[in-house]
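Q: Structure incoming, see below.
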Amino acid sequence: MELNRPLIIAGPCSAESEEQLLSTAQALAATGKVDVLRAGVWKPRTKPGTFEGAGVEALPWLAKAREMTGLAVATEVANAKHVEHAQAFDVDVFWIGARTTSNPFSTQEVAEALRGTEKMVFVKNPVNGDIDLWCGAVERLLACGVKNLGLIHRGFSGFGAGSLRNAPMWHLALEMRRRMPELPMICDPSHICGCREYIADISQQAADLDYDGLMIESHINPDEAWSDAKQQLTPETLAALLDSIKWRAGESSSESYKVALMGLREQIDSLDREILQLLSERMNVAEQIGRIKRENDVRILQTARWEDIMKRVLMSSRSLGLSEPFLRTMLDAVHVESIEHQNRVMKEE
């Protein structure tokens, strides 16, 4: 299938019934803003006893929705049987979910089942922030002759997401894009956010970072959804959100833009050099501290001192215009490097 840019994939978290799926599909098609209808047929839930999808029974509903609306249809596959059943109903787009990407055995099984397919296959990032695992999933599919591949950034679990369901960790997604620039990457703000409130903001951030599209969950009656009700939008709300997103140009031919950008980038380069020089000087001081500790037979880690540094720096985060998560990440990295320098000193004769 030809990929529009931005590519918009939308639909309910789960295909719950034929009526629910067809009503949602028709409403989404009526917006004129959706390229692919998505719906979960098999749902890997965190706990048993929750709705885990209608299964094979839902695949004819997807086929009927495609026939009624003209939209391509997509669903998640997590094992060879899922692929077999979905192919029998000529599903247009497959995606491999975060839990499957996290398991090389499962990914290999799906890759073998999809061997040689010309259908579009998207790979979501793994649950944890392991870029090599994400790359490995793509490489397994490529090795099985799957050429039409794309990436879905849905955020990462357990990394201080705060008000969000999953931390975006944009830098990891951008690193994945640097490694595989030939693959389109779309953002899944529904799973990053976990609630409707932040979806517009995350979607705009993805657009500003030059993503190729969005996958957003939409349900004809979100509050009554059988899974992930809080993160789904009505088709009408989705249409308004998509209208609000500004997809900016990659570059500008304006001479004034080029001159201004060049000047500011030179400032960035100069500041970066200063920051690196200051970090080098800080590590030199850390080594001196290490020598004093070694001479006085004192352990490296001084927890109270580190807590004081962390508290002092974080208190100034607002006045500095820097976010607390960023400062914590930066300080942790500096602390680890300082300990490493002191470790080397401790080992000196």
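Every chain in the structure tokens takes a letter, A first, then B, and so on in the order presented; its residues are numbered from 1, and the ligands are numbered from 1 following the presented order.
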Please return, as a count of residues only, all residues of segment 26-205 of chain A that DSSP assigns to strand (DSSP E) on the basis of the backbone.

A: 25

Q: Can you pull out every residue within 12 Å of Asp130 of chain A, counting only C-alpha atoms, but drop anything in the same chain fewer than 4 positions away, and send it as a VMD selection string?

A: chain A and resid 98 101 to 103 124 to 126 134 to 137 155 to 157 169 172 to 173 175 to 176

Q: Could you dump the residues just selected with N, CA and C atoms as a compact mmCIF listing (two decimals), in the first residue's frame?

A:
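Resulting contents of again18.txt:
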```txt
# COMPACT_ATOMS: atom_id res chain seq x y z
N ALA A 98 4.45 -4.14 21.62
CA ALA A 98 5.62 -3.93 22.47
C ALA A 98 6.03 -5.19 23.22
N THR A 101 7.71 -7.54 20.68
CA THR A 101 9.04 -7.04 20.32
C THR A 101 10.04 -7.34 21.43
N SER A 102 9.56 -7.35 22.67
CA SER A 102 10.44 -7.59 23.82
C SER A 102 10.90 -9.03 23.93
N ASN A 103 10.29 -9.94 23.16
CA ASN A 103 10.60 -11.37 23.25
C ASN A 103 11.13 -11.86 21.89
N LYS A 124 6.43 -2.06 16.95
CA LYS A 124 6.44 -1.15 18.09
C LYS A 124 7.73 -1.31 18.89
N ASN A 125 8.11 -0.22 19.58
CA ASN A 125 9.29 -0.34 20.43
C ASN A 125 9.02 -1.32 21.57
N PRO A 126 10.07 -1.98 22.08
CA PRO A 126 9.87 -2.90 23.21
C PRO A 126 9.43 -2.15 24.45
N TRP A 134 14.87 -3.54 19.75
CA TRP A 134 14.01 -2.99 18.68
C TRP A 134 14.66 -3.25 17.32
N CYS A 135 15.95 -2.94 17.23
CA CYS A 135 16.67 -3.20 15.97
C CYS A 135 16.63 -4.69 15.62
N GLY A 136 16.82 -5.53 16.63
CA GLY A 136 16.83 -6.96 16.39
C GLY A 136 15.52 -7.47 15.83
N ALA A 137 14.41 -6.91 16.31
CA ALA A 137 13.10 -7.33 15.80
C ALA A 137 12.98 -6.99 14.32
N GLY A 155 6.31 4.70 23.49
CA GLY A 155 6.80 5.01 24.82
C GLY A 155 7.31 3.78 25.55
N PHE A 156 7.99 4.03 26.69
CA PHE A 156 8.68 2.97 27.42
C PHE A 156 8.19 2.92 28.86
N SER A 157 8.04 1.73 29.39
CA SER A 157 7.52 1.54 30.74
C SER A 157 8.62 1.68 31.79
N MET A 169 10.54 9.19 26.13
CA MET A 169 11.97 8.99 25.89
C MET A 169 12.30 9.22 24.42
N LEU A 172 15.46 8.04 22.57
CA LEU A 172 15.63 6.65 22.14
C LEU A 172 14.97 6.41 20.78
N ALA A 173 13.79 6.98 20.60
CA ALA A 173 13.11 6.83 19.31
C ALA A 173 13.92 7.51 18.20
N GLU A 175 17.14 7.95 18.20
CA GLU A 175 18.33 7.13 17.96
C GLU A 175 17.97 5.95 17.06
N MET A 176 16.79 5.37 17.26
CA MET A 176 16.34 4.28 16.40
C MET A 176 16.19 4.78 14.97
```

Q: Do you know which residues are at most 12 Å from Ser338 of chain A counting only C-alpha atoms, after dropping those on the same chain fewer than 5 positions away, and could you put them as number ranges by chain?

A: A: 279-290, 300-301, 306, 331-333, 343-345

Q: Between segment 206-230 of chain A and segment 38-52 of chain A, at 9 Å or less, what are the per-residue closest atom pairs and their distances in Å? Count only C-alpha atoms, order by chain and rising residue number, and return it as a Markdown table.

A:
```
| residue | atom | partner | partner_atom | distance |
| --- | --- | --- | --- | --- |
| A:Met215 | CA | A:Arg38 | CA | 8.3 |
| A:Ile216 | CA | A:Arg38 | CA | 8.8 |
| A:Glu217 | CA | A:Arg38 | CA | 8.0 |
| A:Trp226 | CA | A:Phe51 | CA | 6.5 |
| A:Ser227 | CA | A:Phe51 | CA | 6.8 |
```

Q: For the residues in the current selection, export N, CA, C and O atoms as a PDB file, in the first residue's frame.

A:
```pdb
ATOM      1  N   MET A 215      -0.632   6.937  15.170  1.00  0.00           N
ATOM      2  CA  MET A 215      -1.629   5.899  15.408  1.00  0.00           C
ATOM      3  C   MET A 215      -2.376   6.308  16.680  1.00  0.00           C
ATOM      4  O   MET A 215      -1.780   6.387  17.761  1.00  0.00           O
ATOM      5  N   ILE A 216      -3.669   6.599  16.543  1.00  0.00           N
ATOM      6  CA  ILE A 216      -4.452   7.100  17.670  1.00  0.00           C
ATOM      7  C   ILE A 216      -5.712   6.246  17.824  1.00  0.00           C
ATOM      8  O   ILE A 216      -6.412   5.969  16.850  1.00  0.00           O
ATOM      9  N   GLU A 217      -6.001   5.872  19.059  1.00  0.00           N
ATOM     10  CA  GLU A 217      -7.172   5.046  19.308  1.00  0.00           C
ATOM     11  C   GLU A 217      -8.445   5.897  19.333  1.00  0.00           C
ATOM     12  O   GLU A 217      -8.487   6.958  19.968  1.00  0.00           O
ATOM     13  N   TRP A 226     -14.344  -1.491  26.174  1.00  0.00           N
ATOM     14  CA  TRP A 226     -14.020  -2.654  26.999  1.00  0.00           C
ATOM     15  C   TRP A 226     -12.542  -2.723  27.361  1.00  0.00           C
ATOM     16  O   TRP A 226     -12.137  -3.550  28.168  1.00  0.00           O
ATOM     17  N   SER A 227     -11.731  -1.883  26.725  1.00  0.00           N
ATOM     18  CA  SER A 227     -10.306  -1.832  27.060  1.00  0.00           C
ATOM     19  C   SER A 227      -9.787  -0.428  26.792  1.00  0.00           C
ATOM     20  O   SER A 227     -10.189   0.227  25.829  1.00  0.00           O
TER      21      SER A 227
END
```

Q: Go through A:Val56, A:Leu22, A:Val127, A:Cys13 and flag the residue nearest Glu224 of chain A, using only C-alpha atoms for the distances.

A: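 Counting only C-alpha atoms, the residue closest to Glu224 of chain A is A:Cys13.
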
Q: With a cut-off of 7 Å, could you pull out the residues of segment 96-190 of chain A touching segment 60-81 of chain A and give me the nearest pair of atoms for each, distance in Å to one decimal, using only C-alpha atoms, ordered by chain and ascending number, as JSON lines?

A:
```
{"residue": "A:Ile96", "atom": "CA", "partner": "A:Glu76", "partner_atom": "CA", "distance": 5.7}
{"residue": "A:Gly97", "atom": "CA", "partner": "A:Glu76", "partner_atom": "CA", "distance": 6.5}
{"residue": "A:Thr100", "atom": "CA", "partner": "A:Ala78", "partner_atom": "CA", "distance": 6.0}
{"residue": "A:Ser106", "atom": "CA", "partner": "A:Asn79", "partner_atom": "CA", "distance": 6.4}
{"residue": "A:Glu109", "atom": "CA", "partner": "A:Ala80", "partner_atom": "CA", "distance": 6.0}
{"residue": "A:Val110", "atom": "CA", "partner": "A:Asn79", "partner_atom": "CA", "distance": 5.2}
{"residue": "A:Ala113", "atom": "CA", "partner": "A:Ala80", "partner_atom": "CA", "distance": 5.2}
```

Q: Please indicate the distance in Å from atom CA of Ala304 of chain A to atom CA of Val334 of chain A, rounded to one decimal place.

A: 16.5 Å

Q: Which of segment 196-259 of chain A counts as helix (DSSP H, G or I) under DSSP, as a PyMOL selection string please?

A: chain A and resi 196-208+222-224+229-231+235-244+255-259
